[in-house]
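Quick look at entry34.cif (mmCIF, C-alpha atoms):
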data_structure
loop_
_atom_site.label_atom_id
_atom_site.label_comp_id
_atom_site.auth_asym_id
_atom_site.auth_seq_id
_atom_site.Cartn_x
_atom_site.Cartn_y
_atom_site.Cartn_z
CA MET A 1 121.69 54.90 62.20
CA ALA A 2 121.91 53.59 58.66
CA CYS A 3 124.86 51.65 57.35
CA SER A 4 127.17 54.08 55.54
CA LEU A 5 128.67 51.76 52.94
CA GLY A 6 127.49 53.33 49.72
CA PHE A 7 124.11 51.60 49.77
CA SER A 8 121.00 53.68 49.28
CA LEU A 9 118.53 53.93 52.13
CA ILE A 10 115.77 51.37 51.77
CA PRO A 11 112.27 51.28 53.20
CA ASP A 12 111.27 49.00 56.04
CA VAL A 13 110.58 45.48 54.84
CA ALA A 14 107.99 42.96 55.92
CA GLU A 15 109.20 40.19 58.18
CA ALA A 16 107.52 37.42 56.19
CA ALA A 17 109.34 37.12 52.89
CA PRO A 18 107.13 35.96 50.00
CA VAL A 19 108.29 34.22 46.86
CA LEU A 20 109.98 36.85 44.68
CA LYS A 21 110.60 36.61 40.96
CA THR A 22 110.99 38.75 37.85
CA GLY A 23 108.48 41.57 37.98
CA SER A 24 108.18 41.69 41.78
CA THR A 25 108.32 45.20 43.26
CA ASN A 26 107.95 45.56 47.02
CA GLY A 27 109.90 46.09 50.22
CA ASP A 28 111.09 42.50 50.24
CA VAL A 29 112.91 43.09 46.95
CA TRP A 30 114.86 45.90 48.63
CA ASP A 31 115.75 43.50 51.43
CA LEU A 32 116.75 40.79 48.95
CA GLN A 33 118.94 43.19 46.96
CA TYR A 34 120.57 44.57 50.11
CA ARG A 35 121.45 41.11 51.39
CA LEU A 36 122.82 40.07 48.01
CA LYS A 37 124.81 43.31 47.79
CA THR A 38 126.44 42.79 51.19
CA LEU A 39 127.45 39.31 50.04
CA GLY A 40 128.88 40.68 46.80
CA TYR A 41 126.36 39.10 44.42
CA PHE A 42 124.36 42.20 43.48
CA THR A 43 126.46 45.05 42.09
CA GLN A 44 123.78 47.47 40.93
CA ASN A 45 122.11 50.28 42.87
CA LEU A 46 119.21 49.10 45.00
CA ASP A 47 115.93 49.89 43.25
CA GLY A 48 113.36 47.47 44.70
CA ARG A 49 112.66 45.97 41.28
CA TYR A 50 113.21 42.29 40.53
CA GLY A 51 114.79 42.56 37.11
CA SER A 52 117.47 40.63 35.28
CA HIS A 53 120.32 41.86 37.52
CA THR A 54 118.51 40.68 40.63
CA GLN A 55 117.60 37.37 38.99
CA ASN A 56 121.21 36.74 37.99
CA ALA A 57 122.44 37.61 41.48
CA VAL A 58 119.93 35.18 42.98
CA ARG A 59 121.07 32.43 40.59
CA LYS A 60 124.72 32.96 41.56
CA PHE A 61 123.81 32.81 45.23
CA GLN A 62 121.73 29.68 44.70
CA ARG A 63 124.57 27.90 42.87
CA ASP A 64 127.03 28.71 45.64
CA TYR A 65 124.67 27.48 48.36
CA GLY A 66 123.49 24.28 46.70
CA ILE A 67 120.03 25.51 45.71
CA ILE A 68 118.45 24.85 42.31
CA PRO A 69 119.45 28.00 40.38
CA ASP A 70 116.01 29.00 39.14
CA GLY A 71 116.47 32.71 39.84
CA ILE A 72 113.40 32.75 42.08
CA ALA A 73 113.75 33.80 45.72
CA GLY A 74 111.67 31.11 47.37
CA GLU A 75 111.63 29.55 50.82
CA GLU A 76 115.00 27.77 50.65
CA THR A 77 116.75 30.78 49.13
CA TRP A 78 115.43 33.03 51.89
CA ARG A 79 116.38 30.48 54.53
CA GLN A 80 119.98 30.44 53.32
CA LEU A 81 120.08 34.22 52.87
CA LYS A 82 118.88 34.86 56.41
CA ARG A 83 121.34 32.32 57.75
CA ASN A 84 124.30 33.85 55.93
CA SER A 85 123.50 37.55 55.62
CA LEU A 86 121.97 40.47 57.50
CA ASN A 87 119.44 43.10 56.54
CA MET A 88 120.05 46.81 57.06
CA ASN A 89 118.72 46.94 60.62
CA GLU A 90 120.71 43.82 61.52
CA MET A 91 123.86 45.35 60.05
CA ASP A 92 123.35 48.25 62.44
CA ILE A 93 123.15 45.79 65.34
CA MET A 94 126.33 44.05 64.16
CA ALA A 95 128.21 47.35 63.84
CA LYS A 96 127.04 48.44 67.30
CA ILE A 97 128.16 45.24 69.01
CA ILE A 98 131.51 45.33 67.19
CA TYR A 99 132.09 48.97 68.12
CA SER A 100 130.97 48.68 71.73
CA GLU A 101 132.83 45.44 72.40
CA ALA A 102 135.99 45.90 70.31
CA ARG A 103 136.68 49.55 69.49
CA GLY A 104 140.38 50.16 70.03
CA GLU A 105 141.18 46.59 69.00
CA PRO A 106 143.07 45.91 65.73
CA TYR A 107 140.77 45.68 62.72
CA GLN A 108 141.20 41.89 62.57
CA GLY A 109 140.09 41.72 66.19
CA GLN A 110 136.99 43.78 65.46
CA VAL A 111 136.04 41.46 62.62
CA ALA A 112 136.70 38.47 64.87
CA VAL A 113 134.24 39.77 67.47
CA GLY A 114 131.60 40.14 64.77
CA ALA A 115 132.42 36.66 63.50
CA VAL A 116 131.67 35.23 66.94
CA VAL A 117 128.22 36.82 66.71
CA MET A 118 127.65 35.32 63.25
CA ASN A 119 128.95 31.93 64.41
CA ARG A 120 126.42 31.98 67.23
CA ILE A 121 123.58 32.78 64.81
CA GLN A 122 124.56 29.72 62.79
CA SER A 123 125.05 27.47 65.84
CA PRO A 124 122.20 25.36 67.26
CA LEU A 125 123.46 26.30 70.75
CA PHE A 126 122.34 29.92 70.41
CA PRO A 127 119.39 31.94 69.09
CA ASP A 128 119.17 32.02 65.29
CA THR A 129 118.78 35.79 64.92
CA ILE A 130 121.26 38.56 65.63
CA GLU A 131 118.78 40.20 68.00
CA GLY A 132 118.50 36.96 69.94
CA VAL A 133 122.27 36.50 70.10
CA VAL A 134 123.22 40.07 71.00
CA PHE A 135 120.49 40.59 73.58
CA GLN A 136 120.70 37.15 75.16
CA SER A 137 120.93 37.72 78.90
CA GLY A 138 124.53 38.07 80.08
CA ALA A 139 126.01 37.43 76.63
CA PHE A 140 127.80 40.74 76.07
CA THR A 141 129.24 43.16 78.61
CA ALA A 142 128.58 46.16 76.35
CA VAL A 143 124.85 45.41 76.31
CA ALA A 144 124.76 45.00 80.08
CA ASP A 145 126.58 48.28 80.80
CA GLY A 146 124.93 50.34 78.06
CA GLN A 147 127.95 50.87 75.81
CA TYR A 148 126.09 49.04 73.06
CA TRP A 149 124.12 52.22 72.42
CA LEU A 150 127.21 54.23 71.44
CA VAL A 151 127.22 55.36 67.80
CA PRO A 152 129.49 53.04 65.76
CA ASN A 153 132.08 54.46 63.39
CA ARG A 154 132.63 53.56 59.75
CA THR A 155 135.31 51.02 60.67
CA ALA A 156 132.72 49.06 62.66
CA TYR A 157 130.42 48.97 59.63
CA LEU A 158 133.26 47.84 57.38
CA ALA A 159 134.09 45.10 59.88
CA ALA A 160 130.42 44.06 59.90
CA LEU A 161 130.50 43.84 56.11
CA ASP A 162 133.63 41.69 56.17
CA VAL A 163 131.93 39.38 58.68
CA VAL A 164 128.86 38.97 56.49
CA ARG A 165 131.06 38.25 53.49
CA GLY A 166 132.61 35.33 55.34
CA TRP A 167 135.85 36.53 56.94
CA ASP A 168 136.27 34.76 60.28
CA PRO A 169 139.59 35.58 61.99
CA SER A 170 138.24 33.90 65.14
CA GLY A 171 138.65 30.44 63.62
CA GLY A 172 135.01 29.53 64.15
CA SER A 173 134.96 30.58 67.81
CA LEU A 174 131.74 30.95 69.78
CA TYR A 175 133.26 32.91 72.67
CA TYR A 176 135.86 35.58 73.36
CA PHE A 177 137.08 37.28 76.50
CA ASN A 178 139.71 39.64 77.81
CA PRO A 179 141.97 37.58 80.12
CA ASN A 180 142.94 40.73 82.02
CA THR A 181 139.39 41.61 83.02
CA ALA A 182 137.37 38.35 82.80
CA THR A 183 135.68 37.49 86.08
CA SER A 184 133.91 34.31 84.93
CA GLU A 185 135.67 31.11 85.96
CA TRP A 186 133.59 29.19 83.42
CA ILE A 187 135.00 31.07 80.42
CA TRP A 188 138.49 29.82 81.30
CA THR A 189 137.27 26.24 80.83
CA ARG A 190 136.55 26.81 77.14
CA PRO A 191 139.12 25.46 74.64
CA GLN A 192 141.13 28.46 73.45
CA ASN A 193 141.81 28.95 69.73
CA LEU A 194 143.88 32.12 69.44
CA LYS A 195 144.43 35.62 70.76
CA ILE A 196 143.93 38.80 68.73
CA GLY A 197 144.74 42.06 70.47
CA LYS A 198 143.39 41.84 74.01
CA HIS A 199 140.81 39.15 73.28
CA VAL A 200 141.17 35.38 73.55
CA PHE A 201 138.81 33.49 71.21
CA ALA A 202 137.50 30.11 72.30
CA ASP A 203 135.10 27.28 71.48
#
Translate the structure of the given file into structure tokens.
Amino acid sequence: MACSLGFSLIPDVAEAAPVLKTGSTNGDVWDLQYRLKTLGYFTQNLDGRYGSHTQNAVRKFQRDYGIIPDGIAGEETWRQLKRNSLNMNEMDIMAKIIYSEARGEPYQGQVAVGAVVMNRIQSPLFPDTIEGVVFQSGAFTAVADGQYWLVPNRTAYLAALDVVRGWDPSGGSLYYFNPNTATSEWIWTRPQNLKIGKHVFAD
């Protein structure tokens, strides 16, 4: 299911991202524009063409992330983009894990669950892709019991977007659990940060 956030559908993109610059036109430009749009840097409609709007968005991103602002999407720019954003398919994964794990929770709690996923992607203790984090064996109850495959609602996609744009109500947590249903003794040993709705968030 595609992310219903006002973004146009984009074609599948190649996994290996080449150097992109003014004049580039391929699937990777769609991916670049989508990532920059989710982060709030690219405000135009996605068109798959690396023009001045895309170049300016790349420069703004580069400045904010300590990269030489040359307007060219090279290796370091892609590395930071993939570390701090998600592509369309990955946004679907984020919305699904938020919906399956936290539907019925307050909106802040839904965002917090997604933030835990993003925190794990950025942590050296976990896989560095959302697929690796979400499908890591035993990581999420909703994956184990099949609820992950439920169709997420718009709220879950909006929560996913807020996560990608940097909102972290979990306070940097790497874990969360429901104290009323948790069966793992180990999870209780983790330093607890806060509680939102039914979930306790922990380091």
Chain and number of each residue from the PyMOL selection byres ((chain A and resi 48-56) around 7), as a compact mmCIF listing (two decimals) with C-alpha atoms, keeping the file's coordinate frame:
# COMPACT_ATOMS: atom_id res chain seq x y z
CA LYS A 21 110.60 36.61 40.96
CA THR A 22 110.99 38.75 37.85
CA GLY A 23 108.48 41.57 37.98
CA SER A 24 108.18 41.69 41.78
CA THR A 25 108.32 45.20 43.26
CA ASN A 26 107.95 45.56 47.02
CA GLY A 27 109.90 46.09 50.22
CA VAL A 29 112.91 43.09 46.95
CA TRP A 30 114.86 45.90 48.63
CA GLN A 33 118.94 43.19 46.96
CA PHE A 42 124.36 42.20 43.48
CA LEU A 46 119.21 49.10 45.00
CA ASP A 47 115.93 49.89 43.25
CA ALA A 57 122.44 37.61 41.48
CA VAL A 58 119.93 35.18 42.98
CA ARG A 59 121.07 32.43 40.59
CA LYS A 60 124.72 32.96 41.56
CA GLY A 71 116.47 32.71 39.84
CA ILE A 72 113.40 32.75 42.08
Hey, could you make a per-residue contact list for region 26-56 of chain A against region 79-100 of chain A with 7 Å as the cut-off, showing the nearest pair of atoms and its distance in Å to one decimal, counting only C-alpha atoms, sorted by chain and number, as a Markdown table?
| residue | atom | partner | partner_atom | distance |
| --- | --- | --- | --- | --- |
| A:Asp31 | CA | A:Asn87 | CA | 6.3 |
| A:Tyr34 | CA | A:Asn87 | CA | 6.7 |
| A:Arg35 | CA | A:Asn87 | CA | 5.9 |
(message) Counting only C-alpha atoms, which residues sit no farther than 12 Å from the position (143.3, 45.7, 67.1) in the file's frame? I'd like them as a count of residues only.
(response) 24
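Interatomic distance, CA of Pro18 (chain A) to CA of Glu131 (chain A): 21.9 Å.
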(message) One number please: CA of Ala160 (chain A) to CA of Asp203 (chain A), in Å, one decimal.
(response)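 Pair CA of Ala160 (chain A) / CA of Asp203 (chain A) returns 20.9 Å.
Candidate residues A:Ser137, A:Asn119, A:Thr77, A:Thr189 were compared for distance to Leu20 (chain A), and the nearest is A:Thr77, using only C-alpha atoms.
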(message) With distances taken over all atoms listed in the file, which residue among A:Gln122, A:Glu75, A:Gly114, A:Phe135 lies nearest Val19 (chain A)?
(response)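 For Val19 (chain A), the nearest of the candidates is A:Glu75.
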(request) Take CA of Ser123 (chain A) and CA of Pro152 (chain A) and report the distance between them in Å, one decimal. (result)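 So the answer is 26.0 Å.
For the choices A:Tyr157, A:Thr141, A:Pro69, A:Tyr41, the atom-to-atom distance to Thr183 (chain A) is smallest for A:Thr141 when using only C-alpha atoms.
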